[in-house]
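Data file: upload.cif. Format and content: mmCIF, C-alpha atoms.
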data_target
loop_
_atom_site.label_atom_id
_atom_site.label_comp_id
_atom_site.auth_asym_id
_atom_site.auth_seq_id
_atom_site.Cartn_x
_atom_site.Cartn_y
_atom_site.Cartn_z
CA MET A 1 116.89 118.35 87.82
CA HIS A 2 114.12 120.74 86.76
CA ALA A 3 113.53 118.73 83.58
CA LEU A 4 113.25 115.53 85.64
CA LEU A 5 110.80 117.15 88.06
CA LEU A 6 108.77 118.54 85.18
CA ALA A 7 108.57 115.10 83.57
CA GLY A 8 107.44 113.61 86.87
CA ALA A 9 104.81 116.32 87.31
CA VAL A 10 103.42 115.73 83.81
CA THR A 11 103.28 111.98 84.47
CA MET A 12 101.31 112.57 87.66
CA LEU A 13 98.93 115.06 86.02
CA VAL A 14 98.00 112.92 83.01
CA PRO A 15 95.55 110.67 84.95
CA PHE A 16 93.85 113.72 86.47
CA PHE A 17 93.60 115.39 83.06
CA TRP A 18 92.08 112.21 81.62
CA LEU A 19 89.65 112.10 84.56
CA VAL A 20 88.39 115.64 83.86
CA SER A 21 88.33 115.05 80.11
CA THR A 22 86.25 111.86 80.44
CA SER A 23 83.81 113.59 82.80
CA LEU A 24 82.95 116.03 79.99
CA LYS A 25 82.44 113.47 77.21
CA PRO A 26 79.12 112.20 75.86
CA ALA A 27 78.12 108.69 76.89
CA GLY A 28 79.82 106.03 74.77
CA ARG A 29 82.88 108.14 73.91
CA GLU A 30 84.94 107.07 76.95
CA PHE A 31 86.77 104.18 75.23
CA THR A 32 87.19 105.45 71.69
CA TYR A 33 90.47 104.62 69.91
CA PRO A 34 92.64 106.52 69.37
CA PRO A 35 91.98 108.22 72.70
CA GLN A 36 90.19 111.56 72.48
CA TRP A 37 92.07 113.81 74.89
CA LEU A 38 89.86 116.85 74.41
CA PRO A 39 86.11 116.15 74.59
CA ARG A 40 84.13 117.15 71.51
CA PRO A 41 81.53 118.29 72.30
CA VAL A 42 81.99 119.35 75.92
CA VAL A 43 79.02 118.01 77.91
CA TRP A 44 78.68 120.06 81.09
CA HIS A 45 75.31 118.44 81.67
CA ASN A 46 77.13 115.36 82.98
CA TYR A 47 77.72 117.23 86.24
CA VAL A 48 74.08 118.28 86.45
CA GLU A 49 72.93 114.71 85.81
CA MET A 50 75.42 113.43 88.36
CA LEU A 51 74.09 115.79 91.05
CA THR A 52 70.42 115.16 90.25
CA GLY A 53 70.61 111.45 89.34
CA PRO A 54 69.58 108.36 91.31
CA ILE A 55 72.54 108.77 93.68
CA PRO A 56 71.98 111.86 95.91
CA PHE A 57 75.56 113.07 95.44
CA ALA A 58 74.98 116.55 96.92
CA LEU A 59 73.55 114.96 100.07
CA LEU A 60 76.50 112.57 100.29
CA VAL A 61 78.91 115.51 100.06
CA ARG A 62 77.09 117.20 102.93
CA ASN A 63 77.21 114.01 105.00
CA THR A 64 80.93 113.57 104.33
CA VAL A 65 81.75 117.17 105.29
CA ILE A 66 79.83 116.85 108.57
CA ILE A 67 81.42 113.50 109.47
CA ALA A 68 84.93 114.60 108.49
CA ALA A 69 84.66 117.88 110.43
CA ALA A 70 83.28 116.24 113.58
CA SER A 71 85.89 113.49 113.44
CA LEU A 72 88.69 116.00 112.82
CA VAL A 73 87.83 117.97 115.97
CA GLY A 74 88.06 114.78 118.02
CA VAL A 75 91.35 113.74 116.43
CA LEU A 76 93.02 117.10 117.04
CA LEU A 77 91.83 117.43 120.63
CA SER A 78 92.46 113.87 121.83
CA SER A 79 95.74 113.25 119.99
CA SER A 80 97.24 116.59 121.01
CA LEU A 81 96.27 116.00 124.64
CA SER A 82 97.76 112.49 124.59
CA ALA A 83 100.93 113.75 122.91
CA PHE A 84 101.23 116.54 125.47
CA GLY A 85 101.23 113.97 128.26
CA PHE A 86 103.91 111.85 126.60
CA ALA A 87 106.11 114.84 125.71
CA ARG A 88 105.79 117.24 128.67
CA LEU A 89 104.65 115.28 131.73
CA ARG A 90 106.76 112.91 133.81
CA PHE A 91 105.08 109.79 135.16
CA ARG A 92 106.02 106.19 135.83
CA GLY A 93 106.22 104.01 132.72
CA ARG A 94 105.78 106.92 130.32
CA ASP A 95 108.15 105.56 127.66
CA GLN A 96 106.76 102.02 127.96
CA TRP A 97 103.20 103.27 127.48
CA PHE A 98 104.31 105.27 124.46
CA VAL A 99 105.89 102.17 122.93
CA MET A 100 102.60 100.32 123.45
CA VAL A 101 100.75 103.12 121.68
CA LEU A 102 103.12 102.89 118.72
CA ALA A 103 102.74 99.09 118.70
CA THR A 104 99.06 99.49 117.82
CA MET A 105 100.16 100.82 114.42
CA MET A 106 101.30 97.29 113.52
CA LEU A 107 97.74 95.96 113.93
CA PRO A 108 95.83 96.19 110.62
CA GLY A 109 92.41 97.78 110.83
CA VAL A 110 90.87 94.77 109.07
CA VAL A 111 91.76 92.59 112.07
CA THR A 112 89.64 94.68 114.44
CA LEU A 113 86.82 95.33 111.97
CA ILE A 114 84.57 92.42 113.06
CA PRO A 115 85.00 92.99 116.83
CA THR A 116 84.37 96.69 116.28
CA PHE A 117 81.22 95.94 114.29
CA ILE A 118 79.93 93.64 117.05
CA LEU A 119 80.63 96.33 119.64
CA PHE A 120 78.79 99.05 117.71
CA LYS A 121 75.93 96.68 116.94
CA SER A 122 75.49 95.96 120.67
CA LEU A 123 75.38 99.72 121.26
CA HIS A 124 72.74 100.08 118.49
CA TRP A 125 75.01 102.44 116.57
CA ILE A 126 74.76 100.68 113.19
CA ASP A 127 73.35 102.95 110.47
CA THR A 128 74.30 106.04 112.45
CA TRP A 129 77.28 108.37 112.16
CA LEU A 130 78.49 107.58 115.68
CA PRO A 131 80.90 104.72 114.69
CA LEU A 132 82.60 107.14 112.27
CA ILE A 133 82.91 110.03 114.73
CA VAL A 134 83.06 108.87 118.36
CA PRO A 135 86.27 106.73 118.13
CA SER A 136 88.26 109.80 117.08
CA TYR A 137 87.67 111.31 120.54
CA PHE A 138 89.51 108.45 122.25
CA GLY A 139 93.20 108.94 121.51
CA GLY A 140 93.12 110.28 117.96
CA GLY A 141 95.32 107.55 116.47
CA ALA A 142 98.85 106.39 117.27
CA PHE A 143 100.43 108.08 114.24
CA ASN A 144 98.91 111.45 115.13
CA VAL A 145 100.08 111.10 118.75
CA PHE A 146 103.58 110.26 117.53
CA LEU A 147 103.69 113.20 115.13
CA LEU A 148 102.51 115.68 117.76
CA ARG A 149 104.80 114.31 120.46
CA GLN A 150 107.82 114.69 118.20
CA TYR A 151 106.86 118.28 117.48
CA PHE A 152 106.18 119.09 121.14
CA LEU A 153 109.71 117.91 121.97
CA THR A 154 111.11 120.72 119.81
CA ILE A 155 109.43 123.37 122.01
CA PRO A 156 111.66 124.46 124.97
CA MET A 157 110.59 123.26 128.40
CA ASP A 158 111.37 126.77 129.72
CA LEU A 159 107.97 127.88 128.46
CA ASP A 160 106.23 125.27 130.61
CA GLU A 161 108.27 126.14 133.67
CA ALA A 162 107.59 129.86 133.27
CA ALA A 163 103.87 129.21 132.86
CA ARG A 164 103.77 127.00 135.97
CA MET A 165 105.51 129.72 137.99
CA ASP A 166 102.65 132.01 136.97
CA GLY A 167 100.14 129.45 138.22
CA ALA A 168 99.14 127.82 134.94
CA SER A 169 97.87 124.25 135.05
CA SER A 170 98.90 121.51 132.63
CA LEU A 171 95.64 121.87 130.68
CA ARG A 172 96.17 125.61 130.34
CA ILE A 173 99.73 125.09 129.11
CA TRP A 174 98.45 122.60 126.55
CA TRP A 175 95.66 124.89 125.35
CA GLN A 176 97.30 128.34 125.45
CA ILE A 177 100.97 127.54 124.80
CA MET A 178 101.49 124.21 123.05
CA LEU A 179 98.62 124.31 120.57
CA PRO A 180 99.25 127.87 119.30
CA LEU A 181 102.94 127.01 118.78
CA SER A 182 102.10 123.80 116.91
CA LYS A 183 100.11 125.14 113.96
CA PRO A 184 102.28 123.47 111.27
CA VAL A 185 101.94 119.94 112.67
CA ILE A 186 98.27 120.48 113.50
CA ALA A 187 97.66 121.55 109.90
CA THR A 188 99.50 118.43 108.72
CA ILE A 189 97.37 116.14 110.85
CA ALA A 190 94.21 118.00 109.81
CA ILE A 191 95.00 117.50 106.11
CA LEU A 192 95.88 113.82 106.46
CA ASN A 193 92.81 112.98 108.54
CA PHE A 194 90.44 115.04 106.41
CA MET A 195 91.68 113.21 103.31
CA ASP A 196 91.29 109.88 105.08
CA ASP A 197 87.66 110.63 106.02
CA TRP A 198 86.90 112.22 102.66
CA ASN A 199 88.04 109.08 100.83
CA ALA A 200 86.66 106.61 103.40
CA PHE A 201 85.04 103.53 101.90
CA ILE A 202 85.26 100.42 104.11
CA ARG A 203 83.99 101.96 107.37
CA PRO A 204 80.92 103.73 105.94
CA LEU A 205 80.17 100.65 103.81
CA ILE A 206 80.17 98.45 106.93
CA PHE A 207 78.50 100.76 109.46
CA LEU A 208 75.99 102.65 107.28
CA THR A 209 73.13 100.93 105.49
CA SER A 210 70.95 103.87 104.40
CA MET A 211 71.97 105.70 101.23
CA ARG A 212 70.85 109.06 102.66
CA LYS A 213 73.40 108.65 105.47
CA GLN A 214 76.27 107.44 103.27
CA MET A 215 79.53 109.15 102.34
CA ILE A 216 80.75 110.03 98.86
CA GLY A 217 83.33 107.21 98.70
CA VAL A 218 80.55 104.62 98.82
CA GLY A 219 78.26 106.75 96.66
CA LEU A 220 80.90 106.86 93.93
CA ALA A 221 81.02 103.05 93.83
CA PHE A 222 77.24 102.92 93.33
CA TYR A 223 77.65 104.53 89.90
CA ARG A 224 78.92 101.16 88.68
CA GLY A 225 76.12 98.93 87.44
CA LEU A 226 73.12 101.22 87.84
CA SER A 227 69.65 100.06 86.90
CA SER A 228 70.50 100.62 83.24
CA GLY A 229 72.74 97.55 83.39
CA TYR A 230 76.05 99.21 82.52
CA SER A 231 78.49 101.56 84.17
CA LYS A 232 78.03 105.23 83.31
CA TRP A 233 81.71 106.06 83.12
CA ASN A 234 81.25 109.73 82.25
CA LEU A 235 79.07 110.23 85.34
CA MET A 236 81.53 108.26 87.46
CA MET A 237 84.37 110.48 86.27
CA ALA A 238 82.29 113.60 86.98
CA ALA A 239 81.63 112.34 90.52
CA ALA A 240 85.31 111.45 90.95
CA THR A 241 86.32 114.93 89.79
CA MET A 242 83.93 116.53 92.27
CA MET A 243 85.44 114.28 94.93
CA THR A 244 89.06 115.07 94.04
CA VAL A 245 89.03 118.83 93.46
CA PRO A 246 88.28 119.89 97.09
CA VAL A 247 91.23 117.82 98.37
CA ILE A 248 93.59 119.36 95.79
CA ILE A 249 92.44 122.88 96.68
CA LEU A 250 92.87 122.13 100.40
CA PHE A 251 96.40 120.84 99.84
CA PHE A 252 97.52 123.86 97.80
CA ILE A 253 96.11 126.25 100.40
CA THR A 254 97.86 124.52 103.31
CA GLN A 255 100.94 123.03 101.64
CA ARG A 256 103.30 125.45 103.41
CA TYR A 257 102.13 124.28 106.82
CA PHE A 258 102.05 120.68 105.63
CA VAL A 259 105.68 120.60 104.50
CA ARG A 260 106.89 122.53 107.53
CA GLY A 261 105.03 120.21 109.91
CA ILE A 262 106.55 117.08 108.34
CA VAL A 263 110.07 118.58 108.40
CA MET A 264 109.91 119.86 111.97
CA THR A 265 108.69 116.55 113.43
CA GLY A 266 111.80 114.81 112.10
CA ILE A 267 114.40 116.88 113.99
CA ALA A 268 113.20 116.39 117.58
CA GLY A 269 115.38 114.80 120.20
CA ARG A 270 114.43 113.04 123.38
#
Take the structure from the file and write it as structure tokens.
Amino acid sequence: MHALLLAGAVTMLVPFFWLVSTSLKPAGREFTYPPQWLPRPVVWHNYVEMLTGPIPFALLVRNTVIIAAASLVGVLLSSSLSAFGFARLRFRGRDQWFVMVLATMMLPGVVTLIPTFILFKSLHWIDTWLPLIVPSYFGGGAFNVFLLRQYFLTIPMDLDEAARMDGASSLRIWWQIMLPLSKPVIATIAILNFMDDWNAFIRPLIFLTSMRKQMIGVGLAFYRGLSSGYSKWNLMMAAATMMTVPVIILFFITQRYFVRGIVMTGIAGR
């Protein structure tokens, strides 16, 4: 079993190793045959040229961090509050409404892309960060609501009843009891949504027109076919490495919470 897992790990790591290796090669050495696994010489200047080239990569990283952080706050707040209502409050049609929320997961995002664009254009939000941030504050996504609701169901209702006897409101129970007890699933949702925003391509491409407001997913695509007339693959690989490393570091730091959050959400009952 360990040999099989090791073979799988090596298979998964080979593309990443080739990515880093290509990012350190001189221009024109990317497609040599036989493949050159170790760059000779090692060209660290590729990263300097990538950061200071025609694509303002450092600015795009800053934009992406700001958008991802602002969107993440909205996702965590709105989805956890929605999930709290579905898991801990009793009201007419609760289960039917929850089924309707889950049904929205069957609707591809491409279907709503044109109506959403028309809506944001009428609000004069095109070429601003608002279309990428504001929607996260209205529900937080059906999958996130589902994941949090399943986790909330594992927490005993006795805690809610004891808090209400002490005069706590529903909002206070959500903020001071449910959220502190739900760190694993919150970390899971935070990782998944941060990765989604970090790698976003279609939404920033549609809603943002200025390069200085763009995100790194779109900026990476602009390295293809620069004014020189050919793709600078070594610079593209350097940009892709810079884009991938933060996500890998984030996952290794939070993997314990990530795995625990996924496991715990699968054992909840009604």
With all atoms listed in the file as the atoms that count, which of A:Gly141, A:Pro180, A:Gly93, A:Pro204 lies nearest to Trp129 of chain A? A:Pro204
Which residue, A:Pro35, A:Pro246, A:Gly139, A:Gly219, has the smallest gap to Met50 of chain A when you use all atoms listed in the file? A:Gly219
Can you measure atom CA of Ile177 of chain A to atom CA of Leu159 of chain A for me? One decimal in Å is fine. 7.9 Å
Skip Ala163 of chain A itself and residues of its chain fewer than 4 positions away, then list as a list in words all residues within 9 Å of it, counting only C-alpha atoms.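 My list of contacting residues is Asp158, Leu159, Gly167, Ala168, Ser169, Arg172, Ile173 and Ile177 of chain A.
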Please identify every residue of segment 196-249 of chain A that has at least one atom no farther than 8 Å from an atom of segment 15-19 of chain A, counting only C-alpha atoms, and for each give the shortest atom pair and the distance in Å to one decimal, arranged by chain then increasing number, as a tab-separated table.
residue	atom	partner	partner_atom	distance
A:Met237	CA	A:Leu19	CA	5.8
A:Ala238	CA	A:Leu19	CA	7.9
A:Ala240	CA	A:Leu19	CA	7.8
A:Thr241	CA	A:Leu19	CA	6.8
Quick one: residues within 12 Å of Ile126 of chain A, all atoms listed in the file, excluding same-chain residues fewer than 3 positions away - as a list in words? Thr116, Phe117, Ile118, Leu119, Phe120, Lys121, Ser122, Leu123, Trp129, Leu130, Pro131, Leu132, Arg203, Pro204, Leu205, Ile206, Phe207, Leu208, Thr209, Ser210 and Lys213 of chain A
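Atom CA of Phe251 of chain A is found 9.7 Å from atom CA of Leu192 of chain A.
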Result set of the PyMOL selection byres ((chain A and resi 247) around 12) on the coordinates above, as a PyMOL selection string: chain A and resi 65+190-199+240-246+248-255
For those residues, write C-alpha atoms to a file as an mmCIF file, keeping the file's coordinate frame.
data_model
loop_
_atom_site.group_PDB
_atom_site.id
_atom_site.type_symbol
_atom_site.label_atom_id
_atom_site.label_comp_id
_atom_site.auth_asym_id
_atom_site.auth_seq_id
_atom_site.Cartn_x
_atom_site.Cartn_y
_atom_site.Cartn_z
ATOM 1 C CA VAL A 65 81.750 117.170 105.290
ATOM 2 C CA ALA A 190 94.210 118.000 109.810
ATOM 3 C CA ILE A 191 95.000 117.500 106.110
ATOM 4 C CA LEU A 192 95.880 113.820 106.460
ATOM 5 C CA ASN A 193 92.810 112.980 108.540
ATOM 6 C CA PHE A 194 90.440 115.040 106.410
ATOM 7 C CA MET A 195 91.680 113.210 103.310
ATOM 8 C CA ASP A 196 91.290 109.880 105.080
ATOM 9 C CA ASP A 197 87.660 110.630 106.020
ATOM 10 C CA TRP A 198 86.900 112.220 102.660
ATOM 11 C CA ASN A 199 88.040 109.080 100.830
ATOM 12 C CA ALA A 240 85.310 111.450 90.950
ATOM 13 C CA THR A 241 86.320 114.930 89.790
ATOM 14 C CA MET A 242 83.930 116.530 92.270
ATOM 15 C CA MET A 243 85.440 114.280 94.930
ATOM 16 C CA THR A 244 89.060 115.070 94.040
ATOM 17 C CA VAL A 245 89.030 118.830 93.460
ATOM 18 C CA PRO A 246 88.280 119.890 97.090
ATOM 19 C CA ILE A 248 93.590 119.360 95.790
ATOM 20 C CA ILE A 249 92.440 122.880 96.680
ATOM 21 C CA LEU A 250 92.870 122.130 100.400
ATOM 22 C CA PHE A 251 96.400 120.840 99.840
ATOM 23 C CA PHE A 252 97.520 123.860 97.800
ATOM 24 C CA ILE A 253 96.110 126.250 100.400
ATOM 25 C CA THR A 254 97.860 124.520 103.310
ATOM 26 C CA GLN A 255 100.940 123.030 101.640
#
Quick one: distance from atom CA of Pro56 of chain A to atom CA of Arg212 of chain A in Å, one decimal?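 Atom CA of Pro56 of chain A sits 7.4 Å away from atom CA of Arg212 of chain A.
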Draw an axis-aligned box tight on the listed atoms of segment 121-135 of chain A, then pad every side by 6 Å and write out centre and edge lengths in Å to one decimal as lines of an AutoDock Vina configuration file.
center_x = 79.5
center_y = 103.0
center_z = 115.9
size_x = 25.5
size_y = 26.1
size_z = 22.8
Selection near Leu171 of chain A, 12 Å with only C-alpha atoms, sequence-local residues under 3 positions removed, as JSON, numbers by chain: {"A": [77, 80, 81, 82, 84, 85, 88, 89, 160, 163, 164, 167, 168, 174, 175, 176, 177, 178, 179]}
Shortest interatomic distance to Glu30 of chain A - which of A:Met236, A:Ala187, A:Leu6, A:Leu181, counting all atoms listed in the file: A:Met236
Using all atoms listed in the file, find the one residue out of A:Phe91, A:Phe57, A:Phe98, A:Phe31 that sits nearest to Tyr223 of chain A.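 The closest residue to Tyr223 of chain A is A:Phe57.
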Pick out the residues sitting within 10 Å of Leu38 of chain A, and hand them over as number ranges by chain; count only C-alpha atoms, and ignore anything fewer than 3 positions along from it in its own chain. A: 17-18, 20-22, 24-25, 35, 41-42
Given the point (100.4, 100.9, 113.3) in the file's coordinates, find the residues that have an atom at most 12 Å from it, counting all atoms listed in the file, and give them as a VMD selection string. chain A and resid 99 to 109 141 to 146
